[in-house]
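Here is the structure we will look at.
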Protein chains: 8
Amino acid sequence: MDPVVGIVMGSKSDWPVMRHAALTLEQLGVAHERKVYSAHRTPAQCEAWVGGLEERGFWVLIAAAGGAAHLAGVCAAKTELPVLGVPMESKVQGIDSLLSTVQMPAGIPVGTLAIGKAGAINAALLAAAIVGRGNADVRAAVHAYRVAQTKKVLESGELSLEE
Amino acid sequence: MDPVVGIVMGSKSDWPVMRHAALTLEQLGVAHERKVYSAHRTPAQCEAWVGGLEERGFWVLIAAAGGAAHLAGVCAAKTELPVLGVPMESKVQGIDSLLSTVQMPAGIPVGTLAIGKAGAINAALLAAAIVGRGNADVRAAVHAYRVAQTKKVLESGELSLEE
Amino acid sequence: MDPVVGIVMGSKSDWPVMRHAALTLEQLGVAHERKVYSAHRTPAQCEAWVGGLEERGFWVLIAAAGGAAHLAGVCAAKTELPVLGVPMESKVQGIDSLLSTVQMPAGIPVGTLAIGKAGAINAALLAAAIVGRGNADVRAAVHAYRVAQTKKVLESGELSLEE
Amino acid sequence: MDPVVGIVMGSKSDWPVMRHAALTLEQLGVAHERKVYSAHRTPAQCEAWVGGLEERGFWVLIAAAGGAAHLAGVCAAKTELPVLGVPMESKVQGIDSLLSTVQMPAGIPVGTLAIGKAGAINAALLAAAIVGRGNADVRAAVHAYRVAQTKKVLESGELSLEE
Amino acid sequence: MDPVVGIVMGSKSDWPVMRHAALTLEQLGVAHERKVYSAHRTPAQCEAWVGGLEERGFWVLIAAAGGAAHLAGVCAAKTELPVLGVPMESKVQGIDSLLSTVQMPAGIPVGTLAIGKAGAINAALLAAAIVGRGNADVRAAVHAYRVAQTKKVLESGELSLEE
Amino acid sequence: MDPVVGIVMGSKSDWPVMRHAALTLEQLGVAHERKVYSAHRTPAQCEAWVGGLEERGFWVLIAAAGGAAHLAGVCAAKTELPVLGVPMESKVQGIDSLLSTVQMPAGIPVGTLAIGKAGAINAALLAAAIVGRGNADVRAAVHAYRVAQTKKVLESGELSLEE
Amino acid sequence: MDPVVGIVMGSKSDWPVMRHAALTLEQLGVAHERKVYSAHRTPAQCEAWVGGLEERGFWVLIAAAGGAAHLAGVCAAKTELPVLGVPMESKVQGIDSLLSTVQMPAGIPVGTLAIGKAGAINAALLAAAIVGRGNADVRAAVHAYRVAQTKKVLESGELSLEE
Amino acid sequence: MDPVVGIVMGSKSDWPVMRHAALTLEQLGVAHERKVYSAHRTPAQCEAWVGGLEERGFWVLIAAAGGAAHLAGVCAAKTELPVLGVPMESKVQGIDSLLSTVQMPAGIPVGTLAIGKAGAINAALLAAAIVGRGNADVRAAVHAYRVAQTKKVLESGELSLEE
């Protein structure tokens, strides 16, 4: 399977969080490609890569950044693929990253997930749900993932009053 | 074309905003179905409708709500389709709607768009981008939409110092 | 005494905080039942349990969740018992949990307590105050609790300038 | 029926909002008493009234205030009845009212509802749910209210694309 | 010198911060009295103490509390002395404490200082400035304090690029 | 009576709000002087006036500004009189004005009142409470003001359910 | 004089605010060029224009945008000229615009001014101060502007208690 | 080379952050002078230094402060040089520092950078970009810095799924 999901992050320091997106895609059998490109420090290289994804058969792009998090929006300006944004935690708890990612003007959408690790995992799940529209195996993997997580909550075990 | 995108809103009072999502889908030639279901006041009916969408061949669900905006998350819990959330404006400027929609726990993603009308339009565009992965006509319509909006910005006209 | 208060939390990771609600109810002699059910990952099981509480003679339901904290609202949609919500701490200090719990639309109330441990204890106290309307023993236990805590503040001891 | 719910607000200017709490209680057949007492400008009178409610057979107290909204907390300090708080809108959109009402320290709970009119209506509904534990008529009225509001959402009518 | 400044805090846990107010008053030669009284858990005792301060010759009252910080406002309702409020740090960084202290309605003022230790020190300095209006020694002590702190900033020493 | 309270505001556009401070001082018989001086546009003139207040027998300075509201802090740096700050409403609801006024570093206190008109009135009341320490007439006027406002709340009149 | 300052805004709807930047530059005798380019809708055209400014002899670029305001950052990535950002007002009062503009990562600076009209005027003044380093006429014009505004504050006129 | 950039900070405790501004200027070959002056504790000394910078041939002033961060604004009132502000982290995450620095009224601009270390580095880069308008060596150094940082991002290395 050729890669169908791209993951791009603004800095290598985002990788410990975005690694969870990659791991989740692996678990769901969704081939992906990952890159570190900064919207501000490597705009030309970022644009070149993003601009080629559709032609290469990608279905979804996941972009993660923190602070004045322009990466997802800048990518969305350069591709007509669905773009998902993951706001990284920051000095102001990721509120700047969230608002910079989600408050896009009409015309260029970014589907934004939660701040930090939960958002990284959910970006992968949402990407897989999209890929799954055209791929029964991925659809089945998403279904199995959902069934497993329901089971896990139900098996939470005893809530003991003892500390 | 059978409907492939569902639009659900928590209250009929959301329609003047969400109408822009519907209009955008129309413009892009994406057949859709729209409903008013409250996560809190009509949970059973909402669940029944959402639960049937995948089997009926839908590709994406757009959910809009305000305040403690649970609708998108509650829908996402009942379908494995991609779910997009649109936070409505509220007494605290939609900040409650935004956080209630975007801060989903790992496991159940909601791709969240901007607060209000820009988010409504962008949810439609993102839904069309997803649908476009499997439909060349929609892909072409999205492309034309993007070309047109670029042209419109470039034709902004004179910026006169006269009032 | 059969249980009259239910405690439900969205994740077992909420238990170290919600344990204080359970301990407070124990101290006040209010029998309770506790569960881990996620609004998003186990909606059906949650609904089945909540839907049966009134018939089983419960008086109050306490629901705790964090982030996009839909649990209390989702429970309130499925029962006509009084529902109390406890917002858990989160990546943005529980502000998302608080707004997601308290900003319910007209029609489905959730009585919301403070973020975190103080909220857990107070949910138990408020539940006991409600149960106390129909139970003189609980009323007396609440009264004793209040007298004791007043006494404890008054016995704070010396405020020494030495470090 | 003697009054079982008290409504107190910090200023007569809160009445246009809190009127909706009173109307909702009327509609549910719950007798109530309403007062304007300021936590800061009439503390003695407020305390005298609140302190006597339990003995007079009240079940619930609803307190509404804005800004540095101390009223609900101050009342909760003077009664062992369940106290519900309604944050009024303010210069900073009611965020100050909300935090001042909900962030009570462990020991003195205030069950807080949404900011403004939705909170006023929901305080009445939650009070009625509490009163309903001991009164089958009120319970039935709450049930009827819920059924009616579900029906109303389902009859939202057409969502026309025409403006 | 009889005490002229009162310091009251809502919980003994505020003392490590409010100790800096007491130390500053000591340093300025302003006699003071300090108490732990909770607006919610010991309202009667708090009121009795506050109500007697003016007659006992006090000039200023400093009140410190956190979360839904009602203490300063509740004290201000019970005395016509100048009341200064110090918001304690909290789960939401003291923003709730600040808004609960400062956003008082017209009619009952609380002069509010910064969140935490800086506020504790400044409450003492402001109290001393007030006391100084009627006491030349205190005025002189405040002046000396200001001169000393200016000198200290000017003697900050070298800013070395070495770590 | 020579003026004992100074009122300074950063812009003449603050006067419609600060007028309420002046009117309240008039009502309490406290002579005052008022000025428009900007911390940024007229620093030298502001400094000259503030620096002379103590020698001229003033007891309190009230400073009002909006946005990056530096005026109260800048005045407090130039006098050892008690300084009270009133944050003006702004594009972000006065939150910037509030934080810029209240979050002073240890060493230079500003007693901060509520945002806008309530803060203007309360600054006057707090100034009068301070002046009242040395002036029995002002003390009596403050007392009368408080009695009158209590009476006004108690005479709020009927709370009619009719609109 | 060839243009030395560029003004770019993300949408023609920003012009009524940014017009004040242009007018201020005119008043100071600083030749400028103005454009509407969207970071998302016309990235290529924006980049082409920005990329050529330094070679054309410009000294400063002012960029204004609202919501997820990426324009200033995106421009700063494409030029080594000093870039100044003006956050436009938005649905959440410009807080998203401000954070998206100011919270740039280390490496690509944007000097950010206040939200809205004050920021537009100040961007022009700051640009003129920069241009003034190399141009005595502009320096003199800035000086005259400052002198005039000081005079204007000092001539604020009477603060009448009459309404 | 005589110093052309001034760095002033409100407290020596800001130096560990502002050291990065100084180091960046060193790296770019921009001579600078650094001082600790408090807007509130040493206003006269601060003013004297700032007031002399233009005459001494400085091009830019960088001012850093936290909390009610008045330093940059106060400096901007005393010089016609371009002033850049760096908000320090604070008890409320630097939000107070940011708003106090950036929300300047029309007439006195402060070009504000990000909160904390990123802002310190970027203030130096922006200062160098300004100085570079009149100095080809500095311009070249800025260019080299930008090229190097682009290269560094591109050499981020492998993103391994192994922990």
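Numbering starts fresh at 1 for the residues of each chain in the structure tokens, the chains themselves are lettered A, B, ... in the order given, and ligands are numbered from 1 as they appear.
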
Counting only C-alpha atoms, collect the residues of chain F whose closest atom lies at most 9 Å from chain G, and write them out as a PDB file with N, CA, C and O atoms, in the first residue's frame.
ATOM      1  N   GLY F  10      -6.723  58.698  31.552  1.00  0.00           N
ATOM      2  CA  GLY F  10      -5.772  58.707  30.443  1.00  0.00           C
ATOM      3  C   GLY F  10      -6.263  59.427  29.204  1.00  0.00           C
ATOM      4  O   GLY F  10      -5.480  59.799  28.342  1.00  0.00           O
ATOM      5  N   SER F  11      -7.579  59.638  29.134  1.00  0.00           N
ATOM      6  CA  SER F  11      -8.139  60.248  27.939  1.00  0.00           C
ATOM      7  C   SER F  11      -9.461  60.895  28.313  1.00  0.00           C
ATOM      8  O   SER F  11     -10.188  60.402  29.181  1.00  0.00           O
ATOM      9  N   LYS F  12      -9.801  61.983  27.627  1.00  0.00           N
ATOM     10  CA  LYS F  12     -11.082  62.622  27.931  1.00  0.00           C
ATOM     11  C   LYS F  12     -12.242  61.671  27.653  1.00  0.00           C
ATOM     12  O   LYS F  12     -13.319  61.811  28.226  1.00  0.00           O
ATOM     13  N   TRP F  15     -14.082  60.162  30.596  1.00  0.00           N
ATOM     14  CA  TRP F  15     -14.843  61.021  31.509  1.00  0.00           C
ATOM     15  C   TRP F  15     -16.298  60.568  31.732  1.00  0.00           C
ATOM     16  O   TRP F  15     -16.776  60.571  32.876  1.00  0.00           O
ATOM     17  N   PRO F  16     -17.019  60.163  30.694  1.00  0.00           N
ATOM     18  CA  PRO F  16     -18.412  59.733  30.953  1.00  0.00           C
ATOM     19  C   PRO F  16     -18.499  58.609  32.001  1.00  0.00           C
ATOM     20  O   PRO F  16     -19.504  58.504  32.694  1.00  0.00           O
ATOM     21  N   ARG F  19     -16.863  60.337  35.498  1.00  0.00           N
ATOM     22  CA  ARG F  19     -17.784  61.319  36.055  1.00  0.00           C
ATOM     23  C   ARG F  19     -18.525  60.741  37.268  1.00  0.00           C
ATOM     24  O   ARG F  19     -18.825  61.459  38.228  1.00  0.00           O
ATOM     25  N   HIS F  20     -18.787  59.441  37.244  1.00  0.00           N
ATOM     26  CA  HIS F  20     -19.489  58.819  38.368  1.00  0.00           C
ATOM     27  C   HIS F  20     -18.624  58.784  39.625  1.00  0.00           C
ATOM     28  O   HIS F  20     -19.151  58.809  40.735  1.00  0.00           O
ATOM     29  N   ALA F  22     -16.485  61.228  40.314  1.00  0.00           N
ATOM     30  CA  ALA F  22     -16.543  62.625  40.758  1.00  0.00           C
ATOM     31  C   ALA F  22     -17.872  62.925  41.444  1.00  0.00           C
ATOM     32  O   ALA F  22     -17.921  63.543  42.513  1.00  0.00           O
ATOM     33  N   LEU F  23     -18.957  62.457  40.830  1.00  0.00           N
ATOM     34  CA  LEU F  23     -20.285  62.702  41.413  1.00  0.00           C
ATOM     35  C   LEU F  23     -20.412  62.050  42.786  1.00  0.00           C
ATOM     36  O   LEU F  23     -21.007  62.620  43.707  1.00  0.00           O
ATOM     37  N   ARG F  34      -9.630  67.057  39.329  1.00  0.00           N
ATOM     38  CA  ARG F  34      -9.607  66.047  38.260  1.00  0.00           C
ATOM     39  C   ARG F  34      -8.805  66.520  37.055  1.00  0.00           C
ATOM     40  O   ARG F  34      -8.822  67.692  36.712  1.00  0.00           O
ATOM     41  N   LYS F  35      -8.146  65.534  36.427  1.00  0.00           N
ATOM     42  CA  LYS F  35      -7.225  65.853  35.339  1.00  0.00           C
ATOM     43  C   LYS F  35      -7.289  64.774  34.258  1.00  0.00           C
ATOM     44  O   LYS F  35      -7.577  63.616  34.551  1.00  0.00           O
ATOM     45  N   VAL F  36      -6.982  65.185  33.035  1.00  0.00           N
ATOM     46  CA  VAL F  36      -6.707  64.231  31.960  1.00  0.00           C
ATOM     47  C   VAL F  36      -5.211  64.273  31.678  1.00  0.00           C
ATOM     48  O   VAL F  36      -4.687  65.306  31.237  1.00  0.00           O
ATOM     49  N   TYR F  37      -4.523  63.190  32.007  1.00  0.00           N
ATOM     50  CA  TYR F  37      -3.096  63.075  31.694  1.00  0.00           C
ATOM     51  C   TYR F  37      -2.855  61.667  31.181  1.00  0.00           C
ATOM     52  O   TYR F  37      -3.265  60.694  31.823  1.00  0.00           O
ATOM     53  N   SER F  38      -2.168  61.555  30.079  1.00  0.00           N
ATOM     54  CA  SER F  38      -1.848  60.239  29.553  1.00  0.00           C
ATOM     55  C   SER F  38      -0.462  59.803  30.026  1.00  0.00           C
ATOM     56  O   SER F  38       0.482  60.593  29.962  1.00  0.00           O
ATOM     57  N   HIS F  40       1.362  57.933  28.533  1.00  0.00           N
ATOM     58  CA  HIS F  40       2.246  57.792  27.382  1.00  0.00           C
ATOM     59  C   HIS F  40       2.387  59.083  26.576  1.00  0.00           C
ATOM     60  O   HIS F  40       3.421  59.345  25.995  1.00  0.00           O
ATOM     61  N   ARG F  41       1.317  59.865  26.524  1.00  0.00           N
ATOM     62  CA  ARG F  41       1.369  61.046  25.668  1.00  0.00           C
ATOM     63  C   ARG F  41       1.757  62.306  26.426  1.00  0.00           C
ATOM     64  O   ARG F  41       2.254  63.254  25.843  1.00  0.00           O
ATOM     65  N   THR F  42       1.523  62.319  27.746  1.00  0.00           N
ATOM     66  CA  THR F  42       1.919  63.498  28.538  1.00  0.00           C
ATOM     67  C   THR F  42       2.619  63.058  29.829  1.00  0.00           C
ATOM     68  O   THR F  42       2.227  63.470  30.926  1.00  0.00           O
ATOM     69  N   GLN F  45       3.998  66.013  32.248  1.00  0.00           N
ATOM     70  CA  GLN F  45       2.970  66.784  32.941  1.00  0.00           C
ATOM     71  C   GLN F  45       2.276  65.945  34.011  1.00  0.00           C
ATOM     72  O   GLN F  45       1.950  66.420  35.097  1.00  0.00           O
ATOM     73  N   GLY F  67      -7.174  49.531  28.009  1.00  0.00           N
ATOM     74  CA  GLY F  67      -6.193  48.829  27.180  1.00  0.00           C
ATOM     75  C   GLY F  67      -4.964  48.484  28.000  1.00  0.00           C
ATOM     76  O   GLY F  67      -5.084  47.969  29.108  1.00  0.00           O
ATOM     77  N   LYS F  91     -11.703  47.012  23.941  1.00  0.00           N
ATOM     78  CA  LYS F  91     -12.054  46.086  22.862  1.00  0.00           C
ATOM     79  C   LYS F  91     -12.142  44.641  23.340  1.00  0.00           C
ATOM     80  O   LYS F  91     -12.830  43.832  22.745  1.00  0.00           O
ATOM     81  N   VAL F  92     -11.371  44.311  24.383  1.00  0.00           N
ATOM     82  CA  VAL F  92     -11.477  42.946  24.915  1.00  0.00           C
ATOM     83  C   VAL F  92     -12.162  42.972  26.286  1.00  0.00           C
ATOM     84  O   VAL F  92     -11.785  42.264  27.201  1.00  0.00           O
ATOM     85  N   GLN F  93     -13.201  43.817  26.381  1.00  0.00           N
ATOM     86  CA  GLN F  93     -14.075  43.878  27.553  1.00  0.00           C
ATOM     87  C   GLN F  93     -13.416  44.364  28.833  1.00  0.00           C
ATOM     88  O   GLN F  93     -13.911  44.103  29.935  1.00  0.00           O
TER      89      GLN F  93
END

* Neighbours of region 103-113 of chain F within 9 Å (only C-alpha atoms; same-chain residues fewer than 6 positions away dropped), as an MDAnalysis selection string? -> (chainID E and resid 84:85 102:104 109:115 117:126 145:146 149) or (chainID F and resid 72:73 76:77 80 82:87 119:120 122:123) or (chainID H and resid 40:41 66:69 96:97)

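Going from CA of Ser100 (chain G) over to CA of Trp49 (chain A), you cover 24.0 Å.
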
* Asked: Which residues, written as a PyMOL selection string, have at least one atom at most 7 Å from Val60 (chain G), with only C-alpha atoms counted and residues fewer than 3 positions away on the same chain left out?
  -> chain G and resi 4-6+81-83+127

* **Residues of region 38-156 of chain B in helix (DSSP H, G or I), written as a ChimeraX atom specification** => /B:43-53,71-76,95-102,117-132,136-154

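Neighbouring residues of Ala128 (chain A) at 8 Å or closer, counting only C-alpha atoms and skipping chain neighbours under 3 positions away, are A:Leu25, A:Leu28, A:Val30, A:Ala124, A:Leu125, A:Val131, A:Gly132, A:Val138, A:Arg139, A:Val142.
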
Take the residues that were just selected and, keeping N, CA, C and O atoms, output them as a PDB file, in the first residue's frame.
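Written file, out.pdb:
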ATOM      1  N   LEU A  25      -2.016   5.200  13.136  1.00  0.00           N
ATOM      2  CA  LEU A  25      -2.175   4.849  11.716  1.00  0.00           C
ATOM      3  C   LEU A  25      -1.575   3.462  11.430  1.00  0.00           C
ATOM      4  O   LEU A  25      -2.180   2.657  10.718  1.00  0.00           O
ATOM      5  N   LEU A  28      -3.835   0.805  12.484  1.00  0.00           N
ATOM      6  CA  LEU A  28      -5.033   0.677  11.639  1.00  0.00           C
ATOM      7  C   LEU A  28      -4.662   0.264  10.213  1.00  0.00           C
ATOM      8  O   LEU A  28      -5.535   0.172   9.340  1.00  0.00           O
ATOM      9  N   VAL A  30      -2.851   1.908   7.985  1.00  0.00           N
ATOM     10  CA  VAL A  30      -2.910   3.010   7.020  1.00  0.00           C
ATOM     11  C   VAL A  30      -1.485   3.498   6.747  1.00  0.00           C
ATOM     12  O   VAL A  30      -0.844   4.055   7.641  1.00  0.00           O
ATOM     13  N   ALA A 124      -5.365  10.769  13.627  1.00  0.00           N
ATOM     14  CA  ALA A 124      -5.138   9.500  12.933  1.00  0.00           C
ATOM     15  C   ALA A 124      -6.459   8.743  12.755  1.00  0.00           C
ATOM     16  O   ALA A 124      -6.730   8.181  11.680  1.00  0.00           O
ATOM     17  N   LEU A 125      -7.278   8.727  13.774  1.00  0.00           N
ATOM     18  CA  LEU A 125      -8.562   8.015  13.677  1.00  0.00           C
ATOM     19  C   LEU A 125      -9.478   8.661  12.641  1.00  0.00           C
ATOM     20  O   LEU A 125     -10.170   7.977  11.891  1.00  0.00           O
ATOM     21  N   VAL A 131     -10.110   7.693   4.974  1.00  0.00           N
ATOM     22  CA  VAL A 131      -9.519   6.690   4.073  1.00  0.00           C
ATOM     23  C   VAL A 131     -10.449   5.476   3.963  1.00  0.00           C
ATOM     24  O   VAL A 131     -10.615   4.882   2.889  1.00  0.00           O
ATOM     25  N   GLY A 132     -11.075   5.159   5.077  1.00  0.00           N
ATOM     26  CA  GLY A 132     -11.975   3.997   5.116  1.00  0.00           C
ATOM     27  C   GLY A 132     -13.155   4.093   4.158  1.00  0.00           C
ATOM     28  O   GLY A 132     -13.726   3.073   3.752  1.00  0.00           O
ATOM     29  N   VAL A 138      -9.426  -0.742   5.941  1.00  0.00           N
ATOM     30  CA  VAL A 138      -9.248   0.323   6.925  1.00  0.00           C
ATOM     31  C   VAL A 138     -10.541   0.518   7.710  1.00  0.00           C
ATOM     32  O   VAL A 138     -10.532   0.706   8.933  1.00  0.00           O
ATOM     33  N   ARG A 139     -11.657   0.451   6.996  1.00  0.00           N
ATOM     34  CA  ARG A 139     -12.956   0.588   7.660  1.00  0.00           C
ATOM     35  C   ARG A 139     -13.103  -0.477   8.749  1.00  0.00           C
ATOM     36  O   ARG A 139     -13.541  -0.198   9.867  1.00  0.00           O
ATOM     37  N   VAL A 142     -10.848   0.337  11.722  1.00  0.00           N
ATOM     38  CA  VAL A 142     -11.435   1.374  12.582  1.00  0.00           C
ATOM     39  C   VAL A 142     -12.533   0.761  13.452  1.00  0.00           C
ATOM     40  O   VAL A 142     -12.616   1.024  14.657  1.00  0.00           O
TER      41      VAL A 142
END

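One distance worth recording is that between CA of Thr79 (chain H) and CA of Gly52 (chain H), which is 8.2 Å.
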
* Output as a ChimeraX atom specification all residues of region 7-154 of chain G that backbone DSSP marks as strand (DSSP E). => /G:7-9,32-36,60-65,83-87,111-112

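Here CA of Asp14 (chain E) and CA of Leu99 (chain D) stand 19.4 Å from one another.
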
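Proximity ranking of F:Ala65, F:Val8, F:Met88, F:Leu71 relative to Leu53 (chain F) places F:Val8 first, based on only C-alpha atoms.
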